[in-house]
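Colleague: Below: one structure in C-alpha cells.
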Amino acid sequence: MDLFASFDLPHALAGLLVGVAVGLTGVGGGSLMTPLLVLIFHTKVQTAVGTDLLFAAITKIVGTGVHHGHQTVDWMIVRRLATGSMPAAILTLIALNTVLHIGNKTEHAILIALGVLLVLTSVSLLFQRRLLAYGATHTIVHSEQTFWPTVALGAVLGVLVTITSVGAGAIGATLLLLIYRRVPVARIVGTDIAHAVPLALLAGAGHWFIGNVDLGLLVNLLAGSIPGVIIGSLLSSRSPERLVQYALAAILMVSGVRLLMQ
C-alpha cells in the first residue's frame with residue numbers, strides 16, 4: 001500500500017488545526033485530535049486512540065527538541081514520571097489485549113472516560129493562570145517528598161493515556177504544578193511534553209500491535225500537523241494567550257459533553 005498515494009485533504013487540515021493548537025498552547029495532541037476523529041470523521045474509538053497516540057508522540061518530538069534546546073526540560077522529573085507511567089502503560093496494554101476485549105460496552109466506557117477527561121482538561125486550562133501565580137518562583141525542588149507523588153501521577157497518566165490518549169497535556173502539567181510549586185512554569189511545560197513522547201510512543205506501539213492504528217490516517221494527520229506545529233510555535237509569542245486558552249477550553253468542554261451524551 002502506498003501511504004502517500006492516499007492523501008486525504010480533510011484529515012490533513014484536521015492535523016494542521018491541531019498542530020497549530022499544540023504549537024500555540026502545548027495542548028491538543030490527544031485532547032483535540034481523538035474527539036475530532038470520533039465526532040467529525042466517525043472513526044472507531046480504538047482506532048482513533050491508537051492512531052492519535054503515535055500522532056501526538058511524533059508531533060511532540062519537535063516540541064521536546066525546542067524545549068531541550070532552551071533548557072526547559074527537567075529530566076529528573078521526566079524519569080520519575082516514566083517510572084510510574086511506562087509500567088502502567090504496559091500493564092494497561094496487556095489488559096486491553098487479554099481481559100478487556102474491546103466490544104460495544106468497553107468502547108462506550110472509553111467514550112465516557114474520554115468525555116470526562118476532556119471536561120477536566122478544559123477546567124485545568126481555565127484555572128491554569130491561578131496555579132501559575134500560586135507557584136511562580138524560580139527555585140527547583142527535588143525533595144524526597146515529591147518522588148512518590150510524581151511516580152503515582154506518572155502511573156495514573158500511563159493508564160489514562162493508554163486507554164484514551166488524553167491526560168498527558170493540560171491535566172499532567174496542572175498536577176505537576178501542584179507537586180512542584182517552585183519549579184518555573186516553562187520548565188513544567190517542557191518536562192510534561194518530554195514525558196509525553198516516550199509514553200505515547202510506547203502506548204501507540206502497543207495499540208499498533210493490537211491492530212488499532214491506521215497508518216494511512218496517521219500519515220495524513222502528520223502531513224498537516226508538522227507544518228501546523230511550526231506555524232503555531234512562530235505565532236505563540238504574538239497571539240493573545242488568554243483568548244486562545246479560553247477558546248481551546250470551550251472547544252474541549254463542548255467536545256467532552258458531546259462524548260458524554262453519545
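Labels for the C-alpha cells follow display order: chains A, B, ..., residues from 1 in each chain, ligands from 1.
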Range 176-233 of chain A near range 109-127 of chain A within 12 Å: what's each residue's closest atom pair and its distance in Å to one decimal, counting only C-alpha atoms, ordered by chain then ascending residue number, as CSV?
Modeller:
```
residue,atom,partner,partner_atom,distance
A:Leu176,CA,A:Ser124,CA,11.8
A:Leu177,CA,A:Ser124,CA,11.1
A:Leu178,CA,A:Ser124,CA,11.7
```
Colleague: Give me the residues of range 229-261 of chain A that have any atom at most 10 Å from an atom of range 36-45 of chain A; for each, the nearest atom pair and the distance in Å, rounded to one decimal. Use only C-alpha atoms, sort by chain and number, and format it as CSV.
Modeller:
```
residue,atom,partner,partner_atom,distance
A:Ser255,CA,A:Leu39,CA,8.1
A:Arg258,CA,A:Leu39,CA,8.3
A:Leu259,CA,A:Leu39,CA,7.8
```
Colleague: Just give me the gap between CA of Arg80 in chain A and CA of Leu202 in chain A in Å, one decimal is fine.
Modeller: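 Value for the CA of Arg80 in chain A-CA of Leu202 in chain A distance: 16.5 Å.
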Colleague: With only C-alpha atoms as the counted atoms, please give the residues lying no more than 9 Å from Gly154 in chain A, apart from itself and same-chain residues fewer than 4 positions off, as a PyMOL selection string.
Modeller: chain A and resi 80-86+88+149-150+158-159+172
Colleague: Selection from above, C-alpha atoms, as a JSON list (two decimals), in the first residue's frame, can you write it?
Modeller:
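For reference, selection-v3.json as written:
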```
[["chain", "number", "residue", "atom", "x", "y", "z"],
["A", 80, "ARG", "CA", 10.19, 9.98, 37.93],
["A", 81, "LEU", "CA", 7.05, 10.23, 35.79],
["A", 82, "ALA", "CA", 8.28, 7.47, 33.48],
["A", 83, "THR", "CA", 8.98, 5.21, 36.47],
["A", 84, "GLY", "CA", 5.23, 5.15, 37.05],
["A", 85, "SER", "CA", 3.84, 5.67, 33.55],
["A", 86, "MET", "CA", 5.76, 3.11, 31.49],
["A", 88, "ALA", "CA", 1.33, 1.27, 33.95],
["A", 149, "PRO", "CA", 3.57, 11.71, 44.21],
["A", 150, "THR", "CA", 5.36, 12.12, 40.87],
["A", 158, "GLY", "CA", 0.09, 5.90, 31.92],
["A", 159, "VAL", "CA", -3.32, 4.27, 32.34],
["A", 172, "GLY", "CA", -0.45, 16.38, 33.59]]
```
Colleague: Find the residues near Val73 in chain A: any atom within 12 Å, counting only C-alpha atoms, skip ones fewer than 3 places away on the same chain, and give them as a list in words.
Modeller: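 Close residues of Val73 in chain A: Gly63, Thr64, Gly65, Val66, His67, His68, Gly69, His70, Met76, Ile77, Val78, Arg79, Ile140, Val183, Pro184, Val185, Ala186, Arg187, Ile188, Val189, Gly190, Thr191, Asp192, Ile193, Ala194 and His195 of chain A.
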Colleague: Pull N, CA and C atoms from the residues just selected and write them as a compact mmCIF listing (two decimals), in the first residue's frame.
Modeller:
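Here's the written file selection03.txt:
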```txt
# COMPACT_ATOMS: atom_id res chain seq x y z
N GLY A 63 8.41 19.58 19.71
CA GLY A 63 8.33 20.44 20.88
C GLY A 63 9.38 20.11 21.93
N THR A 64 9.66 18.82 22.10
CA THR A 64 10.68 18.42 23.07
C THR A 64 12.05 18.94 22.66
N GLY A 65 12.36 18.87 21.35
CA GLY A 65 13.64 19.37 20.86
C GLY A 65 13.81 20.86 21.15
N VAL A 66 12.73 21.62 20.95
CA VAL A 66 12.78 23.07 21.20
C VAL A 66 12.99 23.33 22.69
N HIS A 67 12.22 22.64 23.54
CA HIS A 67 12.35 22.87 24.98
C HIS A 67 13.72 22.41 25.50
N HIS A 68 14.24 21.32 24.96
CA HIS A 68 15.56 20.86 25.39
C HIS A 68 16.63 21.88 25.01
N GLY A 69 16.48 22.45 23.82
CA GLY A 69 17.42 23.48 23.38
C GLY A 69 17.40 24.70 24.27
N HIS A 70 16.22 25.02 24.83
CA HIS A 70 16.10 26.17 25.73
C HIS A 70 16.29 25.78 27.19
N MET A 76 15.05 14.88 35.48
CA MET A 76 14.82 14.11 36.69
C MET A 76 13.32 13.88 36.90
N ILE A 77 12.52 14.93 36.67
CA ILE A 77 11.06 14.77 36.80
C ILE A 77 10.54 13.83 35.72
N VAL A 78 11.11 13.93 34.50
CA VAL A 78 10.71 13.02 33.42
C VAL A 78 10.95 11.57 33.83
N ARG A 79 12.11 11.30 34.43
CA ARG A 79 12.43 9.93 34.86
C ARG A 79 11.47 9.46 35.94
N ILE A 140 14.16 25.34 42.01
CA ILE A 140 13.80 23.98 41.66
C ILE A 140 13.98 23.07 42.87
N VAL A 183 8.95 25.16 40.82
CA VAL A 183 9.62 24.99 39.52
C VAL A 183 9.01 25.96 38.52
N PRO A 184 9.84 26.66 37.72
CA PRO A 184 9.31 27.60 36.73
C PRO A 184 8.33 26.93 35.77
N VAL A 185 7.30 27.66 35.40
CA VAL A 185 6.22 27.11 34.58
C VAL A 185 6.74 26.58 33.24
N ALA A 186 7.63 27.32 32.59
CA ALA A 186 8.16 26.89 31.29
C ALA A 186 8.84 25.54 31.42
N ARG A 187 9.48 25.31 32.56
CA ARG A 187 10.17 24.04 32.79
C ARG A 187 9.16 22.90 33.01
N ILE A 188 8.05 23.21 33.67
CA ILE A 188 6.98 22.22 33.86
C ILE A 188 6.39 21.83 32.51
N VAL A 189 6.09 22.81 31.67
CA VAL A 189 5.51 22.55 30.36
C VAL A 189 6.45 21.71 29.51
N GLY A 190 7.73 22.10 29.47
CA GLY A 190 8.72 21.36 28.69
C GLY A 190 8.89 19.94 29.19
N THR A 191 8.88 19.77 30.52
CA THR A 191 9.02 18.45 31.13
C THR A 191 7.81 17.58 30.79
N ASP A 192 6.63 18.16 30.86
CA ASP A 192 5.40 17.43 30.56
C ASP A 192 5.39 16.96 29.11
N ILE A 193 5.82 17.81 28.19
CA ILE A 193 5.88 17.44 26.77
C ILE A 193 6.91 16.34 26.54
N ALA A 194 8.08 16.48 27.19
CA ALA A 194 9.14 15.47 27.03
C ALA A 194 8.69 14.11 27.53
N HIS A 195 7.97 14.08 28.65
CA HIS A 195 7.48 12.80 29.18
C HIS A 195 6.40 12.20 28.29
```
Colleague: Name all residues at most 8 Å from range 204-217 of chain A (count only C-alpha atoms; drop same-chain ones fewer than 2 positions away) and give them as a PyMOL selection string.
Modeller: chain A and resi 3-4+6+11+46-54+90+93+97+162+200-202+219-221
Colleague: For N, CA and C atoms, I'd like the residues from the last selection saved as a tab-separated table (two decimals), in the first residue's frame.
Modeller:
```
chain	number	residue	atom	x	y	z
A	3	LEU	N	1.19	4.70	1.10
A	3	LEU	CA	0.53	5.59	2.04
A	3	LEU	C	0.38	7.00	1.50
A	4	PHE	N	1.37	7.45	0.74
A	4	PHE	CA	1.36	8.83	0.26
A	4	PHE	C	0.39	9.01	-0.91
A	6	SER	N	-2.59	7.91	-0.91
A	6	SER	CA	-3.94	8.03	-0.35
A	6	SER	C	-4.09	9.32	0.45
A	11	HIS	N	-8.47	15.21	6.47
A	11	HIS	CA	-7.68	14.75	7.61
A	11	HIS	C	-6.40	15.57	7.76
A	46	GLN	N	-11.30	2.91	19.24
A	46	GLN	CA	-9.98	2.30	19.47
A	46	GLN	C	-8.99	2.69	18.38
A	47	THR	N	-9.45	2.86	17.13
A	47	THR	CA	-8.57	3.29	16.05
A	47	THR	C	-8.16	4.74	16.24
A	48	ALA	N	-9.11	5.57	16.68
A	48	ALA	CA	-8.80	6.99	16.93
A	48	ALA	C	-7.76	7.13	18.04
A	49	VAL	N	-7.92	6.35	19.11
A	49	VAL	CA	-6.99	6.40	20.24
A	49	VAL	C	-5.61	5.93	19.82
A	50	GLY	N	-5.53	4.75	19.18
A	50	GLY	CA	-4.24	4.19	18.78
A	50	GLY	C	-3.50	5.07	17.79
A	51	THR	N	-4.20	5.57	16.78
A	51	THR	CA	-3.57	6.42	15.77
A	51	THR	C	-3.14	7.75	16.38
A	52	ASP	N	-4.00	8.29	17.26
A	52	ASP	CA	-3.69	9.59	17.86
A	52	ASP	C	-2.48	9.51	18.77
A	53	LEU	N	-2.26	8.38	19.43
A	53	LEU	CA	-1.09	8.25	20.31
A	53	LEU	C	0.20	8.43	19.52
A	54	LEU	N	0.32	7.76	18.38
A	54	LEU	CA	1.52	7.91	17.55
A	54	LEU	C	1.58	9.31	16.95
A	90	ILE	N	2.25	-0.48	30.01
A	90	ILE	CA	2.43	-1.87	29.58
A	90	ILE	C	1.35	-2.77	30.16
A	93	LEU	N	-1.94	-2.07	28.40
A	93	LEU	CA	-1.97	-2.69	27.07
A	93	LEU	C	-2.22	-4.20	27.15
A	97	ASN	N	-5.48	-6.21	25.63
A	97	ASN	CA	-5.29	-7.28	24.64
A	97	ASN	C	-5.74	-8.65	25.15
A	162	THR	N	-3.01	5.56	27.78
A	162	THR	CA	-3.09	4.32	27.01
A	162	THR	C	-4.53	4.00	26.61
A	200	ALA	N	3.57	8.14	24.89
A	200	ALA	CA	2.69	8.00	23.73
A	200	ALA	C	3.27	7.02	22.71
A	201	LEU	N	4.61	7.02	22.55
A	201	LEU	CA	5.24	6.06	21.63
A	201	LEU	C	5.02	4.63	22.09
A	202	LEU	N	5.22	4.38	23.39
A	202	LEU	CA	5.01	3.04	23.93
A	202	LEU	C	3.56	2.61	23.79
A	219	VAL	N	-0.43	9.17	8.50
A	219	VAL	CA	0.37	9.95	7.55
A	219	VAL	C	-0.36	11.23	7.15
A	220	ASN	N	-1.66	11.13	6.90
A	220	ASN	CA	-2.44	12.31	6.52
A	220	ASN	C	-2.49	13.34	7.65
A	221	LEU	N	-2.65	12.88	8.88
A	221	LEU	CA	-2.69	13.80	10.02
A	221	LEU	C	-1.35	14.50	10.20
```
Colleague: For Leu24 in chain A, work out the shell of residues within 7 Å, counting only C-alpha atoms and skipping chain neighbours fewer than 3 positions away, then give it as a ChimeraX atom specification.
Modeller: /A:20-21,232-233,235-236
Colleague: Write out as a compact mmCIF listing (two decimals) with N, CA and C atoms, in the first residue's frame which residues come within 8 Å of Gly15 in chain A when counting only C-alpha atoms, dropping same-chain ones fewer than 6 positions away.
Modeller:
```
# COMPACT_ATOMS: atom_id res chain seq x y z
N MET A 33 -7.45 15.89 18.95
CA MET A 33 -7.48 15.01 17.79
C MET A 33 -8.42 13.81 17.98
N ASN A 220 -1.66 11.13 6.90
CA ASN A 220 -2.44 12.31 6.52
C ASN A 220 -2.49 13.34 7.65
N LEU A 221 -2.65 12.88 8.88
CA LEU A 221 -2.69 13.80 10.02
C LEU A 221 -1.35 14.50 10.20
N LEU A 222 -0.25 13.73 10.07
CA LEU A 222 1.09 14.30 10.24
C LEU A 222 1.43 15.28 9.12
N ALA A 223 0.88 15.04 7.93
CA ALA A 223 1.14 15.94 6.80
C ALA A 223 0.65 17.34 7.11
N GLY A 224 -0.39 17.44 7.94
CA GLY A 224 -0.88 18.75 8.33
C GLY A 224 -0.29 19.24 9.64
N SER A 225 -0.06 18.32 10.58
CA SER A 225 0.32 18.74 11.92
C SER A 225 1.75 19.27 12.03
N GLY A 228 1.81 22.64 10.96
CA GLY A 228 0.95 23.34 11.91
C GLY A 228 1.66 23.67 13.20
```
Colleague: How many Å separate CA of Phe7 in chain A from CA of Ile251 in chain A?
Modeller: 26.9 Å
